[in-house]
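Student: Structure in structure tokens, see below.
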Amino acid sequence: MTELLYPIAPEARDPDKIAYEIAETGETVTYAALEHHSRQAAQLFRACGLKPGDHIALLSENNRQFLEICFAADRAGLYYTPISTHATPAEAEYIVANCDARLWIVTARKPEIARHLAAALPQVQHRYTIGGAVPPCADWDEARSAQPTTRIADEAQGLDMLYSSGTTGRPKGIKWPRPDSAPGGRTRMVDTLSGIFGYGPDTRYLSPAPLYHAAPLRHSMTNIKMGGTVTITQRFDAETALKLIESRRITHSQWVPTMFQRLLKLPDEVRQGYDCSSLKVAVHAAAPCPVHVKEAMIDWWGPILHEYYSGTEGNGFCALNSKEWLAHPGSVGRALDGVLHICDEDGRELPPGEVGTVWFSDGRQFAYHNDPDATAKAYDARGWSTIGDIGRLDADGYLYLSDRKSFVIISGGVNIYPQETENLLLSHPEVEDAAVIGVPNEDFGEEVKAVVQLVTGCAPSPAKAEELIAFCREKLSPIKCPRSVDFRDRLPREATGKLYKRKLRDAYWNNDKVKVQA
């Protein structure tokens with residue numbers, strides 16, 4: 001029997017079991033293949049002179065090599081930094097340089113990025129491409145397969161070092177202290193995720209989002225470490241996801257609210273045509289889920305939805321199941337890791353029901369890599385940390401998020417939290433997606449604007465804009481309602497559902513032609 005590092009439980013170590021598969025290509029990776037390839041990659045890292053604590057960077061679509069590389073770094077004591085495939089060459093260069101990568105790997109589908117990095121960062125001599133060589137980069141598979149399949153002598157536990165999404169500013173590398181332990185044991189991340197969501201050897205997990213994001217990567221790797229099988233898609237398609245749930249008898253899955261919306265907008269005969277009865281747990285996070293969307297999903301799939309709230313920083317963790325959510329609709333849960341506090345601008349703790357900044361005490365410590373100023377701003381004198389979210393607690397300790405601090409609209413001195421208005425717009429049958437932002441107003445400083453993507457077949461018009469404004473005014477106080485509506489073919493969202501509001505806002509704040517008056 002092949003000696004395996006994973007699963008964590010020795011009795012679950014079946015070398016012939018599929019660790020993960022790529023749905024579109026049909027490629028499968030057994031636990032034995034993952035072991036051999038991750039050993040070879042770890043040997044390659046050592047041959048390149050990398051030692052525990054060093055950094056690598058990876059820019060790739062979801063493919064077989066992605067997780068092999070991450071598991072190799074995980075057993076070689078390295079920090080590994082995945083980069084979005086939507087990054088421009090300059091954005092990729094910033095992250096590779098900022099994370100102090102001593103080796104980088106890029107998909108051959110992005111030759112312009114590979115060549116740019118090689119020219120812009122000549123000091124990084126170890127560079128590879130997946131899917132064939134892109135000179136001056138070497139072919140990753142060829143270099144890896146030339147290495148021995150024996151374990152490196154100095155295996156150590158590695159960690160991901162992910163970057164913030166950059167939805168509110170330039171991305172920041174989020175660094176946790178690397179544990180001084182051998183790989184193949186239990187970690188805080190594994191214990192938290194498997195303990196809450198029940199990941200284990202019998203789990204069949206569907207991951208329909210890019211692995212360069214925190215949740216898809218961490219949940220997929222946790223499932224493999226626990227001995228489950230992960231089905232990975234290269235892109236999200238609503239009906240394809242339902243097909244996979246039925247054909248793979250998926251037990252656990254990870255979603256974001258925009259995926260739920262697209263699932264719900266499928267014709268009834270399509271949605272009801274697939275057997276989803278194997279699903280035991282449907283996890284969602286990353287972005288606020290409108291109440292009407294979650295209610296509809298629970299009606300469809302049953303009370304199997306589990307929501308959690310945690311930033312990539314991991315400074316705290318809140319979660320709740322469907323039963324709890326139905327008793328506390330709109331909540332993102334109670335703190336399961338760290339202690340929650342809601343504070344005003346002066347740091348004074350607020351009572352239940354009052355809105356303020358969300359802080360955690362006794363949570364995981366983190367730092368922003370090479371950015372001591374940003375790190376200092378994330379902590380207060382008590383050692384509590386925040387990632388800038390706004391919310392409130394109810395009397396039972398459940399957290400309700402209002403918005404990001406940087407997205408709050410201040411109009412005439414009044415704080416307006418746009419999430420409520422966005423959720424209402426998303427309930428309109430002709431709205432596919434919506435963002436509510438503050439735009440310049442000479443009298444009030446800011447005013448509320450909605451930027452809307454309509455469903456296919458619905459045409460933008462001044463009359464439609466007025467209809468949406470009236471729709472909001474029926475249910476919200478006038479100050480929360482948009483004074484104007486603009487239409488876009490598509491809003492700038494990540495695959496995780498996070499909205500790049502900064503890009504939308506910048507178009508109005510940096511362009512005098514679109515500034516408005518009262």
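How things are named: the first chain in the structure tokens is A, the next is B, and so on; residues count from 1 in each chain; ligands count from 1 in the order shown.
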Compile the contact shell of Gly363 in chain A as a PyMOL selection string: residues with an atom at most 9 Å away, counting only C-alpha atoms, same-chain residues fewer than 4 positions apart removed.
Tutor: chain A and resi 314-317+337-339+384-385
Student: Could you name the residues that touch Arg334 in chain A at 8 Å or less, counting only C-alpha atoms, but leaving out those on the same chain fewer than 2 positions away, as a short mmCIF file (atom, residue, chain, number, x, y, z; two decimals) with N, CA and C atoms, in the first residue's frame?
Tutor:
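File written: selection_16.cif
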data_model
loop_
_atom_site.label_atom_id
_atom_site.label_comp_id
_atom_site.auth_asym_id
_atom_site.auth_seq_id
_atom_site.Cartn_x
_atom_site.Cartn_y
_atom_site.Cartn_z
N CYS A 318 -18.26 33.24 12.42
CA CYS A 318 -19.66 33.12 12.85
C CYS A 318 -20.35 32.13 11.91
N ALA A 319 -21.34 31.41 12.43
CA ALA A 319 -22.07 30.47 11.60
C ALA A 319 -23.45 30.21 12.20
N LEU A 320 -24.35 29.74 11.34
CA LEU A 320 -25.67 29.29 11.80
C LEU A 320 -26.26 28.34 10.78
N VAL A 332 -26.04 36.34 10.07
CA VAL A 332 -24.95 35.51 9.57
C VAL A 332 -24.39 34.62 10.67
N LEU A 336 -18.42 31.51 16.70
CA LEU A 336 -17.93 30.20 17.10
C LEU A 336 -16.42 30.22 17.32
N GLY A 397 -27.27 37.37 20.55
CA GLY A 397 -25.88 37.33 20.12
C GLY A 397 -25.67 37.01 18.66
N TYR A 398 -26.74 37.05 17.85
CA TYR A 398 -26.61 36.80 16.42
C TYR A 398 -26.23 38.09 15.70
N LEU A 399 -25.32 37.97 14.74
CA LEU A 399 -24.79 39.11 14.01
C LEU A 399 -25.58 39.36 12.73
#
Student: Counting only C-alpha atoms, figure out which residue out of A:Ala41, A:Val455, A:Val485, A:Leu425 gets nearest to His292 in chain A.
Tutor: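 For His292 in chain A, the nearest of the candidates is A:Leu425.
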Student: Report as a VMD selection string: the residues of range 39-143 of chain A with a DSSP assignment of helix (DSSP H, G or I), based on the backbone of this structure.
Tutor: chain A and resid 39 to 47 64 to 76 89 to 98 111 to 120 140 to 143
Student: How would the residues just chosen look if you wrote them out with C-alpha atoms as a PDB file, in the first residue's frame?
Tutor:
ATOM      1  CA  ARG A  39       6.152  14.721  -3.214  1.00  0.00           C
ATOM      2  CA  GLN A  40       7.777  15.450  -6.560  1.00  0.00           C
ATOM      3  CA  ALA A  41       6.731  19.090  -6.449  1.00  0.00           C
ATOM      4  CA  ALA A  42       8.092  19.421  -2.916  1.00  0.00           C
ATOM      5  CA  GLN A  43      11.374  17.933  -4.154  1.00  0.00           C
ATOM      6  CA  LEU A  44      11.394  20.516  -6.959  1.00  0.00           C
ATOM      7  CA  PHE A  45      10.854  23.339  -4.468  1.00  0.00           C
ATOM      8  CA  ARG A  46      13.849  22.135  -2.460  1.00  0.00           C
ATOM      9  CA  ALA A  47      15.922  21.750  -5.650  1.00  0.00           C
ATOM     10  CA  ARG A  64      -5.335  19.100 -11.934  1.00  0.00           C
ATOM     11  CA  GLN A  65      -2.057  20.833 -11.120  1.00  0.00           C
ATOM     12  CA  PHE A  66      -3.545  23.559  -8.912  1.00  0.00           C
ATOM     13  CA  LEU A  67      -4.174  21.427  -5.837  1.00  0.00           C
ATOM     14  CA  GLU A  68      -1.064  19.301  -6.407  1.00  0.00           C
ATOM     15  CA  ILE A  69       1.011  22.484  -6.124  1.00  0.00           C
ATOM     16  CA  CYS A  70      -0.833  23.666  -3.029  1.00  0.00           C
ATOM     17  CA  PHE A  71      -0.480  20.299  -1.293  1.00  0.00           C
ATOM     18  CA  ALA A  72       3.225  20.252  -2.179  1.00  0.00           C
ATOM     19  CA  ALA A  73       3.716  23.684  -0.631  1.00  0.00           C
ATOM     20  CA  ASP A  74       1.615  22.551   2.318  1.00  0.00           C
ATOM     21  CA  ARG A  75       4.074  19.711   3.019  1.00  0.00           C
ATOM     22  CA  ALA A  76       7.207  21.750   2.237  1.00  0.00           C
ATOM     23  CA  PRO A  89      -0.121  41.618 -15.894  1.00  0.00           C
ATOM     24  CA  ALA A  90       0.577  44.646 -13.680  1.00  0.00           C
ATOM     25  CA  GLU A  91      -1.720  43.361 -10.916  1.00  0.00           C
ATOM     26  CA  ALA A  92      -0.087  39.940 -11.025  1.00  0.00           C
ATOM     27  CA  GLU A  93       3.341  41.570 -10.881  1.00  0.00           C
ATOM     28  CA  TYR A  94       2.355  43.544  -7.785  1.00  0.00           C
ATOM     29  CA  ILE A  95       1.231  40.437  -5.905  1.00  0.00           C
ATOM     30  CA  VAL A  96       4.207  38.280  -6.943  1.00  0.00           C
ATOM     31  CA  ALA A  97       6.584  41.037  -5.863  1.00  0.00           C
ATOM     32  CA  ASN A  98       4.672  41.958  -2.715  1.00  0.00           C
ATOM     33  CA  PRO A 111       1.268  33.744 -21.856  1.00  0.00           C
ATOM     34  CA  GLU A 112       1.168  37.532 -21.680  1.00  0.00           C
ATOM     35  CA  ILE A 113       1.282  37.395 -17.879  1.00  0.00           C
ATOM     36  CA  ALA A 114       4.082  34.815 -17.862  1.00  0.00           C
ATOM     37  CA  ARG A 115       6.223  36.894 -20.196  1.00  0.00           C
ATOM     38  CA  HIS A 116       5.449  40.093 -18.312  1.00  0.00           C
ATOM     39  CA  LEU A 117       6.457  38.581 -14.966  1.00  0.00           C
ATOM     40  CA  ALA A 118       9.665  37.153 -16.418  1.00  0.00           C
ATOM     41  CA  ALA A 119      10.641  40.568 -17.788  1.00  0.00           C
ATOM     42  CA  ALA A 120       9.450  42.669 -14.843  1.00  0.00           C
ATOM     43  CA  TRP A 140       5.802  22.708 -14.824  1.00  0.00           C
ATOM     44  CA  ASP A 141       4.775  19.081 -15.411  1.00  0.00           C
ATOM     45  CA  GLU A 142       8.064  18.264 -17.093  1.00  0.00           C
ATOM     46  CA  ALA A 143      10.108  19.777 -14.265  1.00  0.00           C
TER      47      ALA A 143
END
Student: For Pro82 in chain A, find every residue with an atom within 6 Å (counting only C-alpha atoms), except residues of its own chain fewer than 6 positions away, and show them as a list in words.
Tutor: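 With the cut-off at 6 Å, the set is Ala57, Leu58, Leu59 and Tyr212 of chain A.
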Student: Using only C-alpha atoms, please write the residues we just selected to a file, as a PDB file, in the first residue's frame.
Tutor:
ATOM      1  CA  ALA A  57       2.827  32.354  -6.210  1.00  0.00           C
ATOM      2  CA  LEU A  58       0.364  30.530  -8.478  1.00  0.00           C
ATOM      3  CA  LEU A  59      -1.891  31.966 -11.192  1.00  0.00           C
ATOM      4  CA  TYR A 212      -7.732  31.037  -6.044  1.00  0.00           C
TER       5      TYR A 212
END
Student: With only C-alpha atoms as the atoms that count, which of A:Ile342, A:Arg235, A:Tyr6, A:Thr312 lies nearest to Thr25 in chain A?
Tutor: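 Smallest separation from Thr25 in chain A among the options: A:Arg235.
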Student: Please list as a list in words every residue within 7 Å of range 221-227 of chain A, counting only C-alpha atoms and excluding residues in the same chain fewer than 3 positions away.
Tutor: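 In the requested form, the answer reads Tyr6, Pro7, Ile8, Ala12, Ala19, Val190, Tyr199, Gly200, Pro201, Leu217 and Arg218 of chain A.
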Student: Have a look at A:Asn321, A:Thr456, A:Gln254, A:Asn441 and name the one nearest to Tyr508 in chain A; count only C-alpha atoms.
Tutor: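 Under the stated criterion, the closest residue is A:Asn441.
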Student: Considering only C-alpha atoms, can you say which of A:Gly347, A:Gly457, A:Pro208, A:Pro352 comes closest to Asp394 in chain A?
Tutor: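 Once distances to Asp394 in chain A are computed over only C-alpha atoms, the minimum belongs to A:Pro352.
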Student: Using backbone DSSP assignments, extract all strand (DSSP E or B) residues from range 259-462 of chain A; output them as a ChimeraX atom specification.
Tutor: /A:281-284,305-309,317-320,333-337,339-343,349,356-361,367-368,379,385,389-393,399-404,409-411,414-416,431-441,445-454
Student: Show me, as a short mmCIF file (atom, residue, chain, number, x, y, z; two decimals) with N, CA and C atoms, in the first residue's frame, the residues that have an atom within 12 Å of Asp268 in chain A when counting only C-alpha atoms, minus same-chain residues fewer than 6 positions from it.
Tutor:
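What follows is the written file around-v3.cif:
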data_model
loop_
_atom_site.label_atom_id
_atom_site.label_comp_id
_atom_site.auth_asym_id
_atom_site.auth_seq_id
_atom_site.Cartn_x
_atom_site.Cartn_y
_atom_site.Cartn_z
N GLU A 239 -27.24 24.97 -14.37
CA GLU A 239 -27.79 23.65 -14.67
C GLU A 239 -26.73 22.57 -14.55
N TYR A 274 -33.99 17.70 -11.62
CA TYR A 274 -32.78 17.07 -11.08
C TYR A 274 -32.99 16.65 -9.64
N TRP A 300 -36.72 25.03 -1.46
CA TRP A 300 -36.38 24.09 -2.53
C TRP A 300 -35.57 22.90 -2.00
#
Student: For Val451 in chain A, list every protein, DNA or RNA residue within 12 Å, evaluated using only C-alpha atoms, and leave out those in the same chain fewer than 2 positions away; present the list as an MDAnalysis selection string.
Tutor: chainID A and resid 418 421:422 425:426 431:439 448:449 453:454 460 465 468:469 482:492 499 501 503:505 507:508
Student: Hey, can you spit out that residue selection with N, CA, C and O atoms as a compact mmCIF listing (two decimals), in the first residue's frame?
Tutor:
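Output contents, as saved in result09.txt:
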# COMPACT_ATOMS: atom_id res chain seq x y z
N PRO A 418 -26.08 50.69 2.06
CA PRO A 418 -26.71 50.34 0.78
C PRO A 418 -27.15 48.90 0.64
O PRO A 418 -27.94 48.59 -0.25
N THR A 421 -30.94 48.34 0.40
CA THR A 421 -31.53 48.75 -0.87
C THR A 421 -31.16 47.77 -1.98
O THR A 421 -32.00 47.45 -2.83
N GLU A 422 -29.94 47.28 -1.97
CA GLU A 422 -29.53 46.29 -2.97
C GLU A 422 -30.38 45.03 -2.85
O GLU A 422 -30.84 44.48 -3.88
N LEU A 425 -33.79 45.62 -4.38
CA LEU A 425 -33.75 45.65 -5.85
C LEU A 425 -33.60 44.24 -6.42
O LEU A 425 -34.20 43.91 -7.45
N LEU A 426 -32.83 43.40 -5.76
CA LEU A 426 -32.63 42.04 -6.24
C LEU A 426 -33.91 41.20 -6.17
O LEU A 426 -34.02 40.16 -6.83
N VAL A 431 -34.73 42.29 -12.26
CA VAL A 431 -33.36 42.67 -11.89
C VAL A 431 -32.52 41.42 -11.71
O VAL A 431 -32.82 40.56 -10.89
N GLU A 432 -31.46 41.32 -12.50
CA GLU A 432 -30.51 40.21 -12.39
C GLU A 432 -29.46 40.50 -11.31
O GLU A 432 -29.07 39.62 -10.55
N ASP A 433 -28.98 41.75 -11.26
CA ASP A 433 -27.96 42.13 -10.30
C ASP A 433 -28.07 43.62 -10.03
O ASP A 433 -28.60 44.37 -10.86
N ALA A 434 -27.60 44.04 -8.87
CA ALA A 434 -27.74 45.45 -8.51
C ALA A 434 -26.64 45.86 -7.55
O ALA A 434 -26.19 45.08 -6.71
N ALA A 435 -26.21 47.09 -7.67
CA ALA A 435 -25.28 47.71 -6.74
C ALA A 435 -25.80 49.10 -6.40
O ALA A 435 -26.32 49.81 -7.27
N VAL A 436 -25.68 49.46 -5.14
CA VAL A 436 -26.10 50.79 -4.70
C VAL A 436 -24.87 51.50 -4.15
O VAL A 436 -24.18 50.98 -3.27
N ILE A 437 -24.58 52.67 -4.69
CA ILE A 437 -23.38 53.41 -4.33
C ILE A 437 -23.71 54.87 -4.06
O ILE A 437 -24.79 55.36 -4.42
N GLY A 438 -22.77 55.54 -3.44
CA GLY A 438 -22.90 56.98 -3.26
C GLY A 438 -22.15 57.70 -4.36
O GLY A 438 -21.00 57.38 -4.67
N VAL A 439 -22.82 58.68 -4.97
CA VAL A 439 -22.19 59.49 -6.02
C VAL A 439 -22.19 60.95 -5.57
O VAL A 439 -22.95 61.34 -4.69
N VAL A 448 -27.69 58.72 -3.32
CA VAL A 448 -27.80 57.30 -3.61
C VAL A 448 -28.08 57.06 -5.09
O VAL A 448 -28.98 57.66 -5.66
N LYS A 449 -27.28 56.19 -5.68
CA LYS A 449 -27.49 55.77 -7.07
C LYS A 449 -27.51 54.25 -7.12
O LYS A 449 -26.73 53.58 -6.44
N GLN A 453 -28.22 45.56 -13.43
CA GLN A 453 -28.18 44.64 -14.56
C GLN A 453 -29.54 43.98 -14.66
O GLN A 453 -29.98 43.31 -13.73
N LEU A 454 -30.22 44.17 -15.76
CA LEU A 454 -31.55 43.60 -15.94
C LEU A 454 -31.46 42.17 -16.45
O LEU A 454 -30.45 41.75 -17.02
N PRO A 460 -33.26 48.29 -20.88
CA PRO A 460 -33.14 49.50 -20.07
C PRO A 460 -33.90 50.67 -20.72
O PRO A 460 -33.98 50.77 -21.94
N ALA A 465 -36.10 52.85 -15.17
CA ALA A 465 -35.40 53.45 -14.03
C ALA A 465 -36.39 54.04 -13.04
O ALA A 465 -36.28 53.83 -11.82
N LEU A 468 -38.11 51.28 -11.02
CA LEU A 468 -37.29 50.72 -9.95
C LEU A 468 -37.18 51.67 -8.76
O LEU A 468 -37.19 51.23 -7.60
N ILE A 469 -37.10 52.97 -9.04
CA ILE A 469 -37.08 53.94 -7.95
C ILE A 469 -38.39 53.89 -7.17
O ILE A 469 -38.41 53.87 -5.93
N PRO A 482 -32.67 55.06 -4.27
CA PRO A 482 -31.87 55.71 -5.30
C PRO A 482 -32.59 56.91 -5.90
O PRO A 482 -33.81 56.88 -6.11
N ARG A 483 -31.84 57.97 -6.13
CA ARG A 483 -32.39 59.13 -6.83
C ARG A 483 -32.22 58.97 -8.33
O ARG A 483 -32.81 59.72 -9.11
N SER A 484 -31.39 58.02 -8.73
CA SER A 484 -31.18 57.76 -10.15
C SER A 484 -30.75 56.31 -10.31
O SER A 484 -30.26 55.68 -9.38
N VAL A 485 -30.97 55.78 -11.52
CA VAL A 485 -30.60 54.40 -11.84
C VAL A 485 -29.85 54.40 -13.15
O VAL A 485 -30.30 54.97 -14.14
N ASP A 486 -28.69 53.75 -13.15
CA ASP A 486 -27.95 53.50 -14.38
C ASP A 486 -27.99 52.01 -14.67
O ASP A 486 -28.12 51.19 -13.75
N PHE A 487 -27.86 51.66 -15.93
CA PHE A 487 -27.92 50.26 -16.33
C PHE A 487 -26.58 49.81 -16.92
O PHE A 487 -25.91 50.58 -17.59
N ARG A 488 -26.21 48.57 -16.62
CA ARG A 488 -24.99 47.97 -17.15
C ARG A 488 -25.32 46.58 -17.68
O ARG A 488 -26.23 45.90 -17.19
N ASP A 489 -24.56 46.14 -18.69
CA ASP A 489 -24.74 44.78 -19.21
C ASP A 489 -24.36 43.75 -18.17
O ASP A 489 -24.95 42.67 -18.10
N ARG A 490 -23.35 44.06 -17.34
CA ARG A 490 -22.90 43.15 -16.29
C ARG A 490 -22.17 43.97 -15.23
O ARG A 490 -21.44 44.90 -15.56
N LEU A 491 -22.38 43.62 -13.98
CA LEU A 491 -21.69 44.30 -12.89
C LEU A 491 -20.37 43.59 -12.59
O LEU A 491 -20.26 42.37 -12.76
N PRO A 492 -19.39 44.35 -12.13
CA PRO A 492 -18.06 43.76 -11.87
C PRO A 492 -18.02 42.97 -10.57
O PRO A 492 -17.74 43.51 -9.50
N LEU A 499 -18.66 42.20 -4.88
CA LEU A 499 -18.83 43.24 -5.88
C LEU A 499 -17.68 44.22 -5.81
O LEU A 499 -17.30 44.68 -4.73
N LYS A 501 -17.20 47.34 -5.84
CA LYS A 501 -17.85 48.64 -5.78
C LYS A 501 -16.89 49.79 -6.02
O LYS A 501 -17.28 50.85 -6.52
N LYS A 503 -14.65 50.02 -8.23
CA LYS A 503 -14.59 50.31 -9.66
C LYS A 503 -15.81 51.10 -10.11
O LYS A 503 -15.71 52.01 -10.94
N LEU A 504 -16.98 50.74 -9.56
CA LEU A 504 -18.19 51.48 -9.92
C LEU A 504 -18.13 52.92 -9.39
O LEU A 504 -18.43 53.87 -10.12
N ARG A 505 -17.74 53.06 -8.13
CA ARG A 505 -17.71 54.39 -7.52
C ARG A 505 -16.69 55.29 -8.20
O ARG A 505 -16.94 56.47 -8.42
N ALA A 507 -15.79 55.47 -11.17
CA ALA A 507 -16.26 56.01 -12.45
C ALA A 507 -17.04 57.30 -12.26
O ALA A 507 -17.06 58.16 -13.15
N TYR A 508 -17.68 57.44 -11.10
CA TYR A 508 -18.49 58.64 -10.84
C TYR A 508 -17.67 59.72 -10.11
O TYR A 508 -17.86 60.90 -10.36
Student: Please provide as a list in words all residues within 10 Å of Leu5 in chain A, with the sequence filter that same-chain residues fewer than 2 positions apart are discarded (counting only C-alpha atoms).
Tutor: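 Residues meeting the cut-off are Thr2, Glu3, Pro7, Ile8, Ala9, Pro10, Arg13, Tyr31, Ala32, Leu34, Glu35, Arg39, Arg75, Arg151, Pro183, Gly184, Gly185 and Lys225 of chain A.
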Student: Let me make sure I understand: among A:Gly391, A:Gly195, A:Gly383, A:Gly173, which one has the smallest atom-to-atom distance to Tyr309 in chain A if we use only C-alpha atoms?
Tutor: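 Between A:Gly391, A:Gly195, A:Gly383, A:Gly173, the residue approaching Tyr309 in chain A most closely is A:Gly391.
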Student: Between A:Gly497, A:Gly356, A:Gly132, A:Pro52, which is the closest to Ser181 in chain A once you count only C-alpha atoms?
Tutor: A:Pro52
Student: Please compute the CA of Gly158 in chain A-CA of Tyr79 in chain A distance, one decimal, in Å.
Tutor: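 Interatomic distance, CA of Gly158 in chain A to CA of Tyr79 in chain A: 5.7 Å.
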